[in-house]
>>> print(open('upload-v2.cif').read())   # mmCIF, C-alpha atoms
data_entry
#
loop_
_atom_site.label_atom_id
_atom_site.label_comp_id
_atom_site.auth_asym_id
_atom_site.auth_seq_id
_atom_site.Cartn_x
_atom_site.Cartn_y
_atom_site.Cartn_z
CA VAL A 1 101.71 79.32 24.97
CA GLY A 2 105.33 79.92 25.94
CA LYS A 3 105.31 83.55 27.05
CA THR A 4 107.25 83.13 30.29
CA THR A 5 109.75 80.65 28.86
CA THR A 6 110.34 82.89 25.84
CA LYS A 7 110.79 85.88 28.16
CA GLU A 8 113.36 83.98 30.22
CA PHE A 9 115.24 82.75 27.13
CA THR A 10 115.19 86.25 25.62
CA ALA A 11 116.54 87.77 28.82
CA CYS A 12 119.31 85.17 28.84
CA VAL A 13 120.28 86.00 25.26
CA LEU A 14 120.10 89.78 25.68
CA SER A 15 122.08 89.70 28.94
CA GLU A 16 125.08 88.66 26.82
CA GLY A 17 125.22 92.14 25.29
CA PHE A 18 123.23 94.52 27.47
CA HIS A 19 122.78 95.59 31.06
CA LEU A 20 119.29 94.16 31.25
CA TYR A 21 116.13 94.29 33.29
CA SER A 22 113.67 91.41 33.04
CA THR A 23 110.50 90.88 35.02
CA GLU A 24 110.68 88.24 37.73
CA GLY A 25 108.36 85.28 37.27
CA ASN A 26 105.34 86.15 35.19
CA PHE A 27 104.24 89.59 36.35
CA ASN A 28 102.38 89.97 33.09
CA SER A 29 99.06 91.57 34.09
CA VAL A 30 97.83 95.15 33.70
CA ILE A 31 98.98 95.67 37.30
CA GLY A 32 102.11 93.48 37.48
CA MET A 33 103.79 94.54 34.22
CA PRO A 34 103.55 98.32 34.85
CA MET A 35 104.75 97.79 38.43
CA SER A 36 107.74 95.94 37.00
CA MET A 37 108.48 98.93 34.77
CA LEU A 38 109.01 101.01 37.92
CA GLU A 39 111.89 98.71 38.90
CA VAL A 40 113.95 99.43 35.76
CA GLY A 41 117.09 101.29 36.79
CA GLY A 42 118.68 104.16 34.91
CA ASP A 43 121.69 102.00 34.05
CA CYS A 44 119.60 99.45 32.12
CA GLU A 45 120.18 99.33 28.37
CA ALA A 46 117.31 96.96 27.59
CA ALA A 47 114.28 95.50 29.31
CA VAL A 48 112.19 92.39 28.66
CA PHE A 49 108.54 92.41 29.71
CA GLU A 50 105.89 89.74 29.42
CA MET A 51 102.33 90.81 28.63
CA GLY A 52 99.44 88.49 29.34
CA MET A 53 95.72 89.04 29.04
CA SER A 54 92.32 87.58 29.65
CA GLY A 55 90.31 90.00 27.52
CA PHE A 56 90.38 92.87 25.06
CA GLY A 57 92.19 96.07 26.00
CA GLU A 58 94.69 94.65 28.48
CA ILE A 59 97.65 94.16 26.15
CA ARG A 60 96.88 97.52 24.51
CA GLN A 61 97.31 99.26 27.90
CA MET A 62 100.55 97.44 28.69
CA SER A 63 102.00 98.02 25.24
CA GLN A 64 101.19 101.72 25.34
CA ALA A 65 102.90 101.95 28.74
CA ALA A 66 106.01 100.04 27.65
CA SER A 67 106.33 101.41 24.10
CA PRO A 68 108.36 98.41 22.91
CA LYS A 69 110.99 98.54 20.16
CA ILE A 70 110.46 94.83 19.49
CA ALA A 71 107.26 92.95 20.31
CA ALA A 72 106.62 89.24 19.86
CA ILE A 73 103.52 87.09 19.74
CA THR A 74 104.60 83.52 20.36
CA ASN A 75 101.40 81.60 19.81
CA ILE A 76 97.61 81.64 19.79
CA GLY A 77 96.32 79.09 22.25
CA THR A 78 92.90 78.40 23.72
CA SER A 79 93.42 79.43 27.35
CA HIS A 80 91.12 82.48 27.16
CA LEU A 81 88.18 81.07 25.24
CA GLU A 82 85.90 81.60 28.25
CA PHE A 83 86.40 85.39 27.96
CA LEU A 84 87.04 85.87 24.24
CA GLY A 85 84.98 83.08 22.66
CA THR A 86 87.20 82.22 19.67
CA ARG A 87 90.87 81.80 18.77
CA GLU A 88 90.35 84.65 16.28
CA ASN A 89 89.42 86.95 19.16
CA ILE A 90 92.41 85.74 21.17
CA ALA A 91 94.63 86.62 18.20
CA LYS A 92 93.04 90.08 17.94
CA ALA A 93 93.51 90.71 21.66
CA LYS A 94 97.18 89.72 21.45
CA TYR A 95 97.68 91.81 18.30
CA GLU A 96 96.83 94.85 20.44
CA ILE A 97 100.55 94.81 21.31
CA THR A 98 101.03 96.77 18.08
CA GLU A 99 99.20 99.77 19.52
CA GLY A 100 102.17 100.73 21.67
CA LEU A 101 104.90 99.47 19.35
CA ARG A 102 107.28 102.26 18.41
CA GLU A 103 107.17 103.67 14.90
CA GLY A 104 109.70 101.71 12.85
CA GLY A 105 109.73 98.96 15.49
CA ILE A 106 109.57 95.24 14.85
CA LEU A 107 106.69 92.87 15.40
CA LEU A 108 107.92 89.27 15.52
CA LEU A 109 105.14 86.77 14.90
CA ASN A 110 104.83 83.00 14.88
CA GLY A 111 104.90 82.41 11.13
CA ASP A 112 103.28 79.01 11.54
CA GLU A 113 100.07 80.50 12.95
CA PRO A 114 97.68 81.48 10.11
CA LEU A 115 95.65 83.79 12.38
CA LEU A 116 98.70 85.97 13.00
CA ARG A 117 99.69 86.04 9.35
CA GLU A 118 96.17 87.16 8.45
CA LEU A 119 96.13 89.94 11.04
CA ALA A 120 99.48 91.29 9.84
CA LYS A 121 98.41 91.09 6.19
CA ASN A 122 95.21 93.04 6.84
CA ASP A 123 96.79 95.70 9.08
CA CYS A 124 96.58 98.75 6.82
CA LYS A 125 97.61 101.29 9.48
CA ARG A 126 100.85 99.73 10.63
CA ASN A 127 104.00 101.83 10.94
CA PHE A 128 106.30 98.99 12.01
CA ASN A 129 108.04 96.03 10.39
CA VAL A 130 106.66 92.51 10.61
CA LEU A 131 108.97 89.51 10.73
CA PHE A 132 108.12 85.83 11.18
CA ALA A 133 109.72 83.03 13.20
CA SER A 134 108.95 79.53 11.95
CA ALA A 135 109.73 75.88 12.55
CA CYS A 136 108.21 75.00 9.17
CA GLY A 137 110.50 77.01 6.87
CA ASN A 138 107.94 79.79 6.60
CA GLY A 139 109.70 82.79 8.13
CA ASP A 140 112.51 85.29 8.40
CA PHE A 141 113.99 83.22 11.23
CA CYS A 142 113.64 79.47 10.71
CA ALA A 143 114.39 76.57 13.00
CA GLU A 144 115.57 73.71 10.80
CA ASN A 145 117.07 70.28 11.33
CA ILE A 146 115.15 70.00 14.61
CA ARG A 147 116.07 67.00 16.71
CA PHE A 148 115.72 65.83 20.27
CA THR A 149 117.93 63.87 22.61
CA SER A 150 116.95 62.44 25.97
CA GLU A 151 118.04 65.75 27.53
CA SER A 152 117.77 68.51 24.95
CA SER A 153 116.22 70.10 21.90
CA ILE A 154 118.64 70.97 19.11
CA PHE A 155 118.08 72.99 15.95
CA ASP A 156 119.79 75.09 13.30
CA LEU A 157 118.69 78.70 12.90
CA LYS A 158 118.59 80.14 9.39
CA TYR A 159 118.01 83.84 8.79
CA SER A 160 118.87 86.42 6.14
CA GLY A 161 122.25 87.14 7.74
CA GLY A 162 123.35 83.53 7.91
CA GLU A 163 122.98 80.38 9.92
CA ILE A 164 123.70 79.25 13.45
CA LYS A 165 124.13 75.50 13.75
CA ASP A 166 123.36 73.19 16.64
CA ILE A 167 121.58 75.51 19.06
CA SER A 168 120.99 73.26 22.05
CA VAL A 169 118.46 73.91 24.81
CA PRO A 170 118.43 71.64 27.89
CA ALA A 171 114.69 70.92 27.67
CA ILE A 172 112.68 68.76 25.31
CA GLY A 173 109.86 69.63 22.94
CA LEU A 174 108.90 71.53 19.83
CA HIS A 175 107.42 74.26 22.03
CA ILE A 176 110.90 74.76 23.53
CA VAL A 177 112.33 75.12 20.02
CA TYR A 178 109.82 77.90 19.29
CA ASP A 179 110.66 79.67 22.56
CA ALA A 180 114.39 79.52 21.83
CA LEU A 181 113.82 80.55 18.20
CA PHE A 182 112.04 83.74 19.32
CA ALA A 183 114.80 84.51 21.85
CA CYS A 184 117.53 84.01 19.25
CA ALA A 185 115.66 86.16 16.72
CA VAL A 186 115.31 89.01 19.23
CA GLY A 187 119.00 88.72 20.09
CA LEU A 188 119.97 88.93 16.42
CA LEU A 189 117.64 91.89 15.89
CA MET A 190 119.35 93.62 18.83
CA GLY A 191 122.81 93.01 17.37
CA ILE A 192 123.92 89.98 19.38
CA ASP A 193 125.57 87.35 17.19
#
>>> encode(input="upload-v2.cif", output="structure tokens")
Amino acid sequence: VGKTTTKEFTACVLSEGFHLYSTEGNFNSVIGMPMSMLEVGGDCEAAVFEMGMSGFGEIRQMSQAASPKIAAITNIGTSHLEFLGTRENIAKAKYEITEGLREGGILLLNGDEPLLRELAKNDCKRNFNVLFASACGNGDFCAENIRFTSESSIFDLKYSGGEIKDISVPAIGLHIVYDALFACAVGLLMGID
């Protein structure tokens, strides 16, 4: 699904402009993520947390504890079907991240996932902005001209403020492009060019 890789890429990007805290590994549970929050020092300007779940209510609790300014949902996979039954329920459980999102905050969604688009469209109580990241030209942040070498994934990022050409990540795969796209989008939203 890309949560940990996206978290690591995002931390790398944000560390270019902020004194940053990022969770080690994937402490992304209702116990691990709040424990990680206790490690954030007073000198930190930004923090990156990963939130995972296996059922309803878990991401809601973590999001309410963290009160994020920017939240991202990278993908809707099938890894929790045994607990949630359908991909639609997985999407709903992940969308619980909005319940702690700050008023006026930003929810960054995978624009190529119809389940996420539908949830955002039908959210009549939202008090935050929704933006989309896409590798199919269907978003506010778009990965275009995607290509792969034997050692890397390369793409151009187009967004309302411009374009960044030839972003290169030393790993191969479309999933890596998505992870890097989310990290770049968060960096841009936080003022890092």
>>> closest_residue(input="upload-v2.cif", among="A:Val48, A:Ala133, A:Leu20, A:Ile167", to="Ile73 in chain A", atoms="all atoms listed in the file")
A:Ala133
>>> resolve_selection(input="upload-v2.cif", expression="the PyMOL selection byres ((chain A and resi 135) around 12)", output="mmCIF file with C-alpha atoms, in the coordinates of the input")
data_model
loop_
_atom_site.group_PDB
_atom_site.id
_atom_site.type_symbol
_atom_site.label_atom_id
_atom_site.label_comp_id
_atom_site.auth_asym_id
_atom_site.auth_seq_id
_atom_site.Cartn_x
_atom_site.Cartn_y
_atom_site.Cartn_z
ATOM 1 C CA ASN A 110 104.830 83.000 14.880
ATOM 2 C CA GLY A 111 104.900 82.410 11.130
ATOM 3 C CA ASP A 112 103.280 79.010 11.540
ATOM 4 C CA GLU A 113 100.070 80.500 12.950
ATOM 5 C CA PHE A 132 108.120 85.830 11.180
ATOM 6 C CA ALA A 133 109.720 83.030 13.200
ATOM 7 C CA SER A 134 108.950 79.530 11.950
ATOM 8 C CA CYS A 136 108.210 75.000 9.170
ATOM 9 C CA GLY A 137 110.500 77.010 6.870
ATOM 10 C CA ASN A 138 107.940 79.790 6.600
ATOM 11 C CA GLY A 139 109.700 82.790 8.130
ATOM 12 C CA ASP A 140 112.510 85.290 8.400
ATOM 13 C CA PHE A 141 113.990 83.220 11.230
ATOM 14 C CA CYS A 142 113.640 79.470 10.710
ATOM 15 C CA ALA A 143 114.390 76.570 13.000
ATOM 16 C CA GLU A 144 115.570 73.710 10.800
ATOM 17 C CA ASN A 145 117.070 70.280 11.330
ATOM 18 C CA ILE A 146 115.150 70.000 14.610
ATOM 19 C CA ARG A 147 116.070 67.000 16.710
ATOM 20 C CA PHE A 155 118.080 72.990 15.950
ATOM 21 C CA ASP A 156 119.790 75.090 13.300
ATOM 22 C CA LEU A 157 118.690 78.700 12.900
ATOM 23 C CA LYS A 158 118.590 80.140 9.390
ATOM 24 C CA LEU A 174 108.900 71.530 19.830
ATOM 25 C CA HIS A 175 107.420 74.260 22.030
ATOM 26 C CA ILE A 176 110.900 74.760 23.530
ATOM 27 C CA VAL A 177 112.330 75.120 20.020
ATOM 28 C CA TYR A 178 109.820 77.900 19.290
ATOM 29 C CA ASP A 179 110.660 79.670 22.560
ATOM 30 C CA ALA A 180 114.390 79.520 21.830
ATOM 31 C CA LEU A 181 113.820 80.550 18.200
ATOM 32 C CA PHE A 182 112.040 83.740 19.320
#
>>> resolve_selection(input="upload-v2.cif", expression="the PyMOL selection byres ((chain A and resi 52-56) around 7)", output="ChimeraX atom specification")
/A:28-29,50-51,57-59,80,83-84,93
>>> atom_distance(input="upload-v2.cif", atom1="CA of Glu118 in chain A", atom2="CA of Ala72 in chain A")
15.6 Å
>>> atom_distance(input="upload-v2.cif", atom1="CA of Ser160 in chain A", atom2="CA of Asp193 in chain A")
13.0 Å
>>> atom_distance(input="upload-v2.cif", atom1="CA of Ser168 in chain A", atom2="CA of Gly187 in chain A")
15.7 Å
>>> resolve_selection(input="upload-v2.cif", expression="the PyMOL selection byres ((chain A and resi 31-38) around 9)", output="number ranges by chain")
A: 22-24, 26-30, 39-41, 47, 49-52, 62, 65-66
>>> residues_around(input="upload-v2.cif", residues="Ser79 in chain A", least_positions_apart="3", cutoff="9 Å", atoms="all atoms listed in the file", output="list of chain:residue names")
A:Val1, A:Ser54, A:Ile76, A:Glu82, A:Ile90
>>> closest_residue(input="upload-v2.cif", among="A:Leu101, A:Ala171, A:Val13, A:Leu116", to="Ser150 in chain A", atoms="all atoms listed in the file")
A:Ala171
>>> closest_residue(input="upload-v2.cif", among="A:Leu131, A:Asp43, A:Lys125, A:Ile97", to="Val186 in chain A", atoms="all atoms listed in the file")
A:Leu131
>>> closest_residue(input="upload-v2.cif", among="A:Tyr21, A:Thr98, A:Val130, A:Cys124", to="Glu8 in chain A", atoms="only C-alpha atoms")
A:Tyr21
>>> closest_residue(input="upload-v2.cif", among="A:Lys69, A:Ile164, A:Glu99, A:Val169", to="Thr5 in chain A", atoms="only C-alpha atoms")
A:Val169
>>> residues_around(input="upload-v2.cif", residues="Glu151 in chain A", least_positions_apart="3", cutoff="8 Å", atoms="all atoms listed in the file", output="ChimeraX atom specification")
/A:148,170-172
>>> closest_residue(input="upload-v2.cif", among="A:Thr86, A:Cys44, A:Gly105, A:Leu81", to="Ser67 in chain A", atoms="all atoms listed in the file")
A:Gly105
